[in-house]
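The block underneath contains the structure these notes are about, expressed in structure tokens.
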Amino acid sequence: MQEPGFPEAEARLCQGMAFPPPPHLPNDPIERLIALLGRLPGYGRRSARRAVLRMLTEPDRLMLPLADALTMAAEAVVPCAICGNLDSQSPCHICADERRDRHLICVVEGVADLWALERANAHRGTYHVLGGVLSALAGMGPEQLAIQPLVARIEAGGVEEVILALPATVDGAATGHYLSDRLRPMGVRVTGLAQGVPMGGALDVLDEGTLAAAWRARRDI
Amino acid sequence: MTPALRLTALRLTDFRSWAQLDQGFSGRIVVIAGENGAGKTNLLEAISLLTPGRGLRSARPGDPARRTAEARAPAWGVVAGLEGPQGPVQIATGTTPEAPDRRAFRLDGTQVRTQAEVSAHVAAVWLTPQMDALFQENASGRRAFLDRLAWALEPHHAREVAAHDNAMAQRNRLLAEGRRDDRWLAALEDAMARHGVAATATRRSLIARLNALLAAGTLGAFPRARLGMVCAIAAALDAAPALAVEDKLRADLAANRPVDAAAGGARIGAHRADLTLAQADSGIPAEQSSTGERKALLVATVLGHAGLIAADRGFAPLLLLDEVAVHLDAGRRRALFEALAVLPAQSFLTGTDLDVFAPLAGAAEGFCASPGILAPAEGFPPPLAS
């Protein structure tokens with residue numbers, strides 16, 4: 001028997017995700033914890049078991065603070081109503097930051113990409129999280145992505161450039177092409193990230209596709 | 001000229017029919033004769049698996065593990081000693097009982113990080129009897145053959161073809177579902193045009209180089225082959241720059257949406273290309289040639305391809321010719337053996353009958369294979385100078 005209330009908690013955890021809650025979880029608390037952790041990216045059952053065992057050795061120091069932090073994050077973190085970033089406030093701290101250049105919107109596939117760009121400290125504008133890329137085979141169409149909110153942001157005025165920071169895959173390129181076709185008639189400049197030689201990278205170890213892309217994108221120095 | 005790449009030793013463990021084999025090779029031409037089921041092709045397959053990819057049988061990683069009536073070996077291994085362009089090297093490949101579905105490579109005993117590291121030391125091309133049917137089958141088999149030839153010379157070719165096919169599959173899905181989202185379709189057609197033209201350009205340049213090499217008479221008296229491609233994109237590339245061809249393809253795909261939706265697939269594109277092969281002297285195409293003439297055309301193509309790899313990488317690949325003499329008359333066999341003797345490549349030939357290889361006595365090292373045993377063949381001692 002599952003504890004009363006647990007399925008609701010499950011449903012809340014899965015809210016907004018593309019998959020429904022799983023049919024059942026083990027009843028034993030340790031096994032349930034391992035099963036829950038094991039579903040996270042980067043965790044298999046084996047690493048989940050190691051983490052759980054480690055926590056159980058010092059529940060007061062490792063486990064209860066974690067449980068508190070999880071509860072707090074689950075209750076406090078919300079998607080930003082403007083850009084889709086995850087933050088404890090909406091609008092998120094980036095959208096709320098007066099110093100950010102609102103003429104520039106950087107479009108990313110997911111929040112992980114937004115965080116990566118923030119770490120690089122290269123973008124002084126705001127963001128827009130699409131929540132995926134177009135993929136007919138994975139059932140991701142324009143309606144499944146946050147394209148309409150992006151269009152609304154541009155229609156509201158003030159945006160001069162949309163920077164597409166999308167993955168260099170067939171789906172990423174198709175999404176870029178789609179967005180460029182959709183946004184350019186609105187009078188904004190649409191740009192994409194360059195592809196080529198990585199920092200500190202030697203040419204002879206680079207794959208041919210990247211090298212050819214870098215070659216095409218050569219510039220005067 | 002001594003080949004820059006030679007296989008000098010081969011050790012097999014639980015590989016297909018071979019429980020264990022430990023054999024040295026010293027000939028630049030190695031002949032292996034034996035009855036059906038003796039394990040000759042398995043030997044060639046083992047050598048083909050020293051290169052990245054799925055080998056001459058397109059095997060999945062776990063497939064080669066030896067099977068008996070009772071059980072299946074938990075793992076298999078191939079260890080090869082090679083004299084390579086960078087000196088002697090040992091390449092090992094196989095699976096482990098812990099990971100029976102993952103093929104690993106070791107270079108001089110050290111696990112390699114990427115399979116490309118192995119490619120720097122060894123290359124192989126092969127011809128199998130299954131390939132005889134190439135010109136009786138549909139275009140997709142011939143296109144795959146052409147793409148394998150191109151991929152060996154231009155590693156990024158595989159990615160271009162995969163990207164084109166991925167975009168096309170998505171476009172087909174949208175059209176089949178009746179989703180007429182013009183922007184989305186245009187984005188996918190853009191990918192099809194860019195990757196399709198890039199893949200076609202590579203195929204086209206491979207064919208041009210191969211034809212130039214074959215026309216130069218590299219194969220001596222062996223009948224010459226001439227390759228061609230039936231492909232609207234390739235024809236367009238003859239007349240216009242690649243960017244213009246991309247634009248035209250984009251526009252044509254957009255215009256064809258209704259017909260493609262009705263037909264269930266794109267009527268134009270890089271996926272419609274077909275490879276043609278003809279006798280260079282008479283112009284008679286492969287499909288109108290006799291079985292033996294067709295075989296000769298394929299042999300010429302594979303040997304020519306080995307020549308291109310040699311020109312690009314600085315060493316000729318190992319030539320694995322399975323049952324190559326079948327269908328060839330005495331004159332063509334002799335011309336083939338003469339061509340092999342002067343090519344800067346080490347070749348491995350199999351056949352059911354040792355007599356067929358009689359003209360090679362003195363020039364080739366011979367073995368007789370029977371299940372589980374590889375024994376020196378009488379009359380084919382290892383040549384003193386290889």
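Chains: A, B, ... in order of the structure tokens. Residues: from 1 per chain. Ligands: from 1, in order shown.
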- Message: Would you mind listing, as a PyMOL selection string, all residues of chain B that have at least one atom within 8 Å of chain A, where only C-alpha atoms are what counts?
- Response: chain B and resi 155-156+163+166-167+169-171+173-174+183-184+186-188+190-191
Residues just named, written with all heavy atoms as a tab-separated table (two decimals), in the first residue's frame:
```tsv
chain	number	residue	atom	x	y	z
B	155	PRO	N	35.44	11.18	-43.74
B	155	PRO	CA	34.67	10.71	-42.57
B	155	PRO	C	33.41	11.51	-42.29
B	155	PRO	O	32.44	10.96	-41.77
B	155	PRO	CB	35.67	10.84	-41.43
B	155	PRO	CG	37.01	10.80	-42.07
B	155	PRO	CD	36.84	11.42	-43.42
B	156	HIS	N	33.37	12.82	-42.67
B	156	HIS	CA	32.18	13.60	-42.34
B	156	HIS	C	31.00	13.26	-43.26
B	156	HIS	O	29.88	13.69	-43.03
B	156	HIS	CB	32.48	15.10	-42.39
B	156	HIS	CG	32.77	15.59	-43.77
B	156	HIS	ND1	34.04	15.73	-44.26
B	156	HIS	CD2	31.95	15.94	-44.78
B	156	HIS	CE1	33.99	16.16	-45.50
B	156	HIS	NE2	32.74	16.29	-45.85
B	163	ALA	N	22.22	13.38	-41.49
B	163	ALA	CA	21.47	14.62	-41.23
B	163	ALA	C	20.40	14.82	-42.31
B	163	ALA	O	19.26	15.20	-42.00
B	163	ALA	CB	22.42	15.81	-41.20
B	166	ASN	N	17.59	12.31	-41.64
B	166	ASN	CA	16.83	12.70	-40.45
B	166	ASN	C	15.83	13.80	-40.81
B	166	ASN	O	14.63	13.70	-40.50
B	166	ASN	CB	17.84	13.20	-39.39
B	166	ASN	CG	17.15	13.68	-38.12
B	166	ASN	OD1	16.00	14.09	-38.13
B	166	ASN	ND2	17.87	13.66	-37.01
B	167	ALA	N	16.30	14.85	-41.51
B	167	ALA	CA	15.40	15.94	-41.89
B	167	ALA	C	14.30	15.42	-42.81
B	167	ALA	O	13.13	15.81	-42.69
B	167	ALA	CB	16.20	17.05	-42.58
B	169	ALA	N	13.05	12.34	-42.91
B	169	ALA	CA	12.09	11.54	-42.14
B	169	ALA	C	11.11	12.44	-41.42
B	169	ALA	O	9.91	12.14	-41.34
B	169	ALA	CB	12.85	10.65	-41.15
B	170	GLN	N	11.60	13.58	-40.90
B	170	GLN	CA	10.71	14.50	-40.20
B	170	GLN	C	9.73	15.16	-41.15
B	170	GLN	O	8.56	15.33	-40.84
B	170	GLN	CB	11.53	15.57	-39.48
B	170	GLN	CG	12.51	14.98	-38.48
B	170	GLN	CD	12.82	15.92	-37.34
B	170	GLN	OE1	11.93	16.60	-36.86
B	170	GLN	NE2	14.05	15.96	-36.90
B	171	ARG	N	10.23	15.52	-42.34
B	171	ARG	CA	9.35	16.12	-43.35
B	171	ARG	C	8.28	15.10	-43.77
B	171	ARG	O	7.09	15.44	-43.87
B	171	ARG	CB	10.16	16.57	-44.56
B	171	ARG	CG	9.34	17.19	-45.67
B	171	ARG	CD	10.26	17.67	-46.79
B	171	ARG	NE	9.55	18.26	-47.91
B	171	ARG	CZ	9.13	17.58	-48.98
B	171	ARG	NH1	9.30	16.28	-49.03
B	171	ARG	NH2	8.52	18.21	-49.97
B	173	ARG	N	7.07	12.73	-42.02
B	173	ARG	CA	6.12	12.57	-40.92
B	173	ARG	C	5.10	13.70	-40.94
B	173	ARG	O	3.89	13.48	-40.84
B	173	ARG	CB	6.89	12.54	-39.59
B	173	ARG	CG	6.02	12.59	-38.35
B	173	ARG	CD	5.26	11.30	-38.11
B	173	ARG	NE	6.16	10.23	-37.74
B	173	ARG	CZ	6.50	9.91	-36.49
B	173	ARG	NH1	5.99	10.60	-35.49
B	173	ARG	NH2	7.30	8.92	-36.23
B	174	LEU	N	5.60	14.93	-41.10
B	174	LEU	CA	4.68	16.09	-41.12
B	174	LEU	C	3.69	15.96	-42.28
B	174	LEU	O	2.49	16.19	-42.11
B	174	LEU	CB	5.45	17.40	-41.25
B	174	LEU	CG	6.31	17.85	-40.07
B	174	LEU	CD1	6.85	19.25	-40.31
B	174	LEU	CD2	5.53	17.81	-38.78
B	183	ARG	N	6.29	26.94	-42.44
B	183	ARG	CA	7.57	27.36	-41.88
B	183	ARG	C	8.39	26.16	-41.43
B	183	ARG	O	9.59	26.07	-41.68
B	183	ARG	CB	7.34	28.26	-40.67
B	183	ARG	CG	7.26	29.68	-41.03
B	183	ARG	CD	7.54	30.57	-39.85
B	183	ARG	NE	7.12	31.89	-40.25
B	183	ARG	CZ	5.95	32.43	-39.91
B	183	ARG	NH1	5.11	31.77	-39.14
B	183	ARG	NH2	5.63	33.62	-40.32
B	184	TRP	N	7.73	25.24	-40.73
B	184	TRP	CA	8.43	24.05	-40.23
B	184	TRP	C	8.93	23.22	-41.40
B	184	TRP	O	10.08	22.77	-41.44
B	184	TRP	CB	7.47	23.24	-39.34
B	184	TRP	CG	8.14	22.19	-38.51
B	184	TRP	CD1	9.46	21.81	-38.54
B	184	TRP	CD2	7.53	21.35	-37.52
B	184	TRP	NE1	9.69	20.81	-37.64
B	184	TRP	CE2	8.52	20.52	-37.00
B	184	TRP	CE3	6.22	21.24	-37.04
B	184	TRP	CZ2	8.25	19.55	-36.01
B	184	TRP	CZ3	5.96	20.29	-36.05
B	184	TRP	CH2	6.95	19.46	-35.54
B	186	ALA	N	9.61	24.27	-44.37
B	186	ALA	CA	10.71	24.99	-45.02
B	186	ALA	C	12.01	24.79	-44.26
B	186	ALA	O	13.09	24.65	-44.87
B	186	ALA	CB	10.37	26.47	-45.14
B	187	ALA	N	11.92	24.77	-42.92
B	187	ALA	CA	13.13	24.58	-42.10
B	187	ALA	C	13.73	23.21	-42.39
B	187	ALA	O	14.95	23.06	-42.51
B	187	ALA	CB	12.80	24.74	-40.62
B	188	LEU	N	12.88	22.19	-42.50
B	188	LEU	CA	13.37	20.84	-42.76
B	188	LEU	C	13.89	20.71	-44.19
B	188	LEU	O	14.89	20.03	-44.45
B	188	LEU	CB	12.26	19.82	-42.49
B	188	LEU	CG	11.83	19.74	-41.03
B	188	LEU	CD1	10.57	18.91	-40.87
B	188	LEU	CD2	12.95	19.16	-40.17
B	190	ASP	N	15.22	23.09	-45.84
B	190	ASP	CA	16.52	23.77	-45.84
B	190	ASP	C	17.62	22.79	-45.42
B	190	ASP	O	18.68	22.71	-46.05
B	190	ASP	CB	16.47	24.96	-44.87
B	190	ASP	CG	17.82	25.60	-44.69
B	190	ASP	OD1	18.32	26.17	-45.67
B	190	ASP	OD2	18.39	25.51	-43.58
B	191	ALA	N	17.34	22.01	-44.36
B	191	ALA	CA	18.33	21.02	-43.91
B	191	ALA	C	18.55	19.96	-44.99
B	191	ALA	O	19.69	19.57	-45.26
B	191	ALA	CB	17.87	20.37	-42.60
```
- Message: Just want the 12 Å neighbourhood of segment 149-161 of chain A, counted on only C-alpha atoms, with same-chain residues fewer than 6 positions away dropped. Output as a PyMOL selection string.
- Response: chain A and resi 80-84+101-108+125-131+142-143+179-180+182-192
Selection to disk with N, CA and C atoms, as a short mmCIF file (atom, residue, chain, number, x, y, z; two decimals), in the first residue's frame:
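Writing the result to out13.cif gives the following:
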```cif
data_model
loop_
_atom_site.label_atom_id
_atom_site.label_comp_id
_atom_site.auth_asym_id
_atom_site.auth_seq_id
_atom_site.Cartn_x
_atom_site.Cartn_y
_atom_site.Cartn_z
N CYS A 80 9.84 31.50 -14.75
CA CYS A 80 9.66 32.93 -14.96
C CYS A 80 8.55 33.17 -15.98
N ALA A 81 7.63 34.04 -15.68
CA ALA A 81 6.49 34.28 -16.56
C ALA A 81 6.92 34.95 -17.86
N ILE A 82 8.11 35.57 -17.86
CA ILE A 82 8.56 36.26 -19.06
C ILE A 82 9.42 35.35 -19.94
N CYS A 83 10.49 34.76 -19.31
CA CYS A 83 11.47 34.06 -20.15
C CYS A 83 11.45 32.55 -19.97
N GLY A 84 10.83 32.03 -18.91
CA GLY A 84 10.80 30.58 -18.71
C GLY A 84 11.96 30.05 -17.87
N ASP A 101 20.15 44.51 -20.79
CA ASP A 101 19.77 45.18 -22.04
C ASP A 101 18.53 44.50 -22.63
N ARG A 102 17.43 45.19 -22.61
CA ARG A 102 16.16 44.60 -23.08
C ARG A 102 16.02 44.62 -24.60
N HIS A 103 17.01 45.19 -25.27
CA HIS A 103 16.97 45.16 -26.74
C HIS A 103 17.41 43.80 -27.28
N LEU A 104 18.07 43.01 -26.41
CA LEU A 104 18.64 41.73 -26.85
C LEU A 104 17.94 40.57 -26.15
N ILE A 105 17.44 39.61 -26.94
CA ILE A 105 16.89 38.39 -26.34
C ILE A 105 17.68 37.20 -26.89
N CYS A 106 18.19 36.39 -25.98
CA CYS A 106 18.92 35.19 -26.39
C CYS A 106 17.97 33.99 -26.22
N VAL A 107 17.73 33.26 -27.32
CA VAL A 107 16.80 32.13 -27.30
C VAL A 107 17.58 30.83 -27.07
N VAL A 108 17.19 30.07 -26.03
CA VAL A 108 17.87 28.81 -25.73
C VAL A 108 16.86 27.66 -25.68
N GLY A 125 22.00 40.79 -22.29
CA GLY A 125 20.57 41.00 -22.50
C GLY A 125 19.74 40.04 -21.68
N THR A 126 18.53 39.75 -22.17
CA THR A 126 17.65 38.81 -21.47
C THR A 126 17.56 37.50 -22.26
N TYR A 127 16.80 36.55 -21.73
CA TYR A 127 16.73 35.22 -22.35
C TYR A 127 15.30 34.88 -22.72
N HIS A 128 15.20 33.78 -23.50
CA HIS A 128 13.89 33.17 -23.71
C HIS A 128 14.09 31.66 -23.83
N VAL A 129 13.47 30.90 -22.93
CA VAL A 129 13.63 29.44 -22.92
C VAL A 129 12.51 28.82 -23.75
N LEU A 130 12.92 28.06 -24.81
CA LEU A 130 11.92 27.47 -25.71
C LEU A 130 11.26 26.22 -25.09
N GLY A 131 12.02 25.52 -24.26
CA GLY A 131 11.50 24.27 -23.71
C GLY A 131 11.62 23.10 -24.67
N PRO A 142 5.75 23.41 -33.14
CA PRO A 142 5.81 24.80 -32.70
C PRO A 142 4.88 25.08 -31.51
N GLU A 143 3.74 24.36 -31.45
CA GLU A 143 2.79 24.61 -30.35
C GLU A 143 3.34 24.10 -29.02
N LEU A 179 12.49 29.84 -36.61
CA LEU A 179 12.36 31.08 -35.84
C LEU A 179 12.79 32.29 -36.66
N SER A 180 13.88 32.12 -37.40
CA SER A 180 14.37 33.23 -38.21
C SER A 180 13.29 33.64 -39.23
N ARG A 182 10.15 33.24 -38.93
CA ARG A 182 8.99 33.79 -38.24
C ARG A 182 9.26 35.20 -37.71
N LEU A 183 10.49 35.43 -37.24
CA LEU A 183 10.77 36.68 -36.51
C LEU A 183 11.28 37.81 -37.41
N ARG A 184 12.01 37.46 -38.46
CA ARG A 184 12.62 38.49 -39.30
C ARG A 184 11.58 39.48 -39.85
N PRO A 185 10.41 38.98 -40.33
CA PRO A 185 9.42 39.94 -40.84
C PRO A 185 8.94 40.91 -39.77
N MET A 186 9.22 40.62 -38.48
CA MET A 186 8.77 41.53 -37.42
C MET A 186 9.73 42.69 -37.23
N GLY A 187 10.78 42.73 -38.09
CA GLY A 187 11.67 43.87 -38.04
C GLY A 187 12.80 43.75 -37.02
N VAL A 188 13.05 42.53 -36.52
CA VAL A 188 14.18 42.37 -35.60
C VAL A 188 15.34 41.70 -36.34
N ARG A 189 16.54 41.94 -35.86
CA ARG A 189 17.71 41.27 -36.40
C ARG A 189 17.77 39.89 -35.75
N VAL A 190 17.94 38.82 -36.56
CA VAL A 190 18.04 37.46 -36.00
C VAL A 190 19.44 36.94 -36.27
N THR A 191 20.17 36.59 -35.20
CA THR A 191 21.53 36.08 -35.38
C THR A 191 21.65 34.70 -34.74
N GLY A 192 22.69 33.96 -35.12
CA GLY A 192 22.93 32.64 -34.53
C GLY A 192 24.36 32.56 -34.03
#
```
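Within 10 Å of Ala38 of chain B, once only C-alpha atoms are used and residues closer than 4 positions along the same chain are dropped, the contacting residues are Ser17, Trp18, Ala33, Gly34, Asn42, Leu43, Thr352, Cys368, Ala369, Ser370, Pro371, Gly372, Ile373 and Leu374 of chain B.
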- Note on the structure: Restricting to only C-alpha atoms, whichever of A:Ala74, A:Ile34, A:Leu40, A:Val133 is closest to Gly110 of chain A is A:Val133
- Message: What's around Ala251 of chain B at 10 Å? Count only C-alpha atoms, leave out sequence neighbours fewer than 3 positions away in its own chain, and write the answer as a ChimeraX atom specification.
- Response: /B:186,189-190,193,245-248,254-256
- Task: From the DSSP assignment of the backbone, select every residue of segment 138-231 of chain B that is strand (DSSP E or B), and format the answer as a ChimeraX atom specification.
- Result: /B:225-230
Can I get the selection written as a short mmCIF file (atom, residue, chain, number, x, y, z; two decimals), in the first residue's frame, with N, CA, C and O atoms?
```cif
data_model
loop_
_atom_site.label_atom_id
_atom_site.label_comp_id
_atom_site.auth_asym_id
_atom_site.auth_seq_id
_atom_site.Cartn_x
_atom_site.Cartn_y
_atom_site.Cartn_z
N ALA B 225 36.79 -0.25 -65.21
CA ALA B 225 35.40 0.07 -64.89
C ALA B 225 35.22 1.58 -64.95
O ALA B 225 36.18 2.34 -64.78
N ARG B 226 34.00 1.99 -65.23
CA ARG B 226 33.70 3.43 -65.18
C ARG B 226 32.45 3.63 -64.34
O ARG B 226 31.41 3.03 -64.60
N LEU B 227 32.58 4.48 -63.32
CA LEU B 227 31.45 4.71 -62.43
C LEU B 227 30.67 5.94 -62.87
O LEU B 227 31.23 6.85 -63.48
N GLY B 228 29.41 5.96 -62.52
CA GLY B 228 28.58 7.12 -62.81
C GLY B 228 27.50 7.24 -61.75
O GLY B 228 27.35 6.35 -60.90
N MET B 229 26.79 8.34 -61.78
CA MET B 229 25.74 8.52 -60.79
C MET B 229 24.50 9.07 -61.48
O MET B 229 24.58 10.04 -62.22
N VAL B 230 23.36 8.41 -61.25
CA VAL B 230 22.09 8.93 -61.73
C VAL B 230 21.51 9.74 -60.58
O VAL B 230 21.06 9.18 -59.58
#
```
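Going from atom CA of Ala341 of chain B over to atom CA of Ala363 of chain B, you cover 7.8 Å.
Atom CA of Leu5 of chain B is positioned 6.3 Å from atom CA of Phe315 of chain B.
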- Message: I'd like the contact shell of Pro88 of chain B - 10 Å cut-off, only C-alpha atoms, skipping same-chain residues fewer than 4 positions apart - returned as a VMD selection string.
- Response: chain B and resid 5 to 8 81 to 84 108 121
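The space separating atom CA of Gly196 of chain A from atom CA of Ile221 of chain A comes to 15.5 Å.
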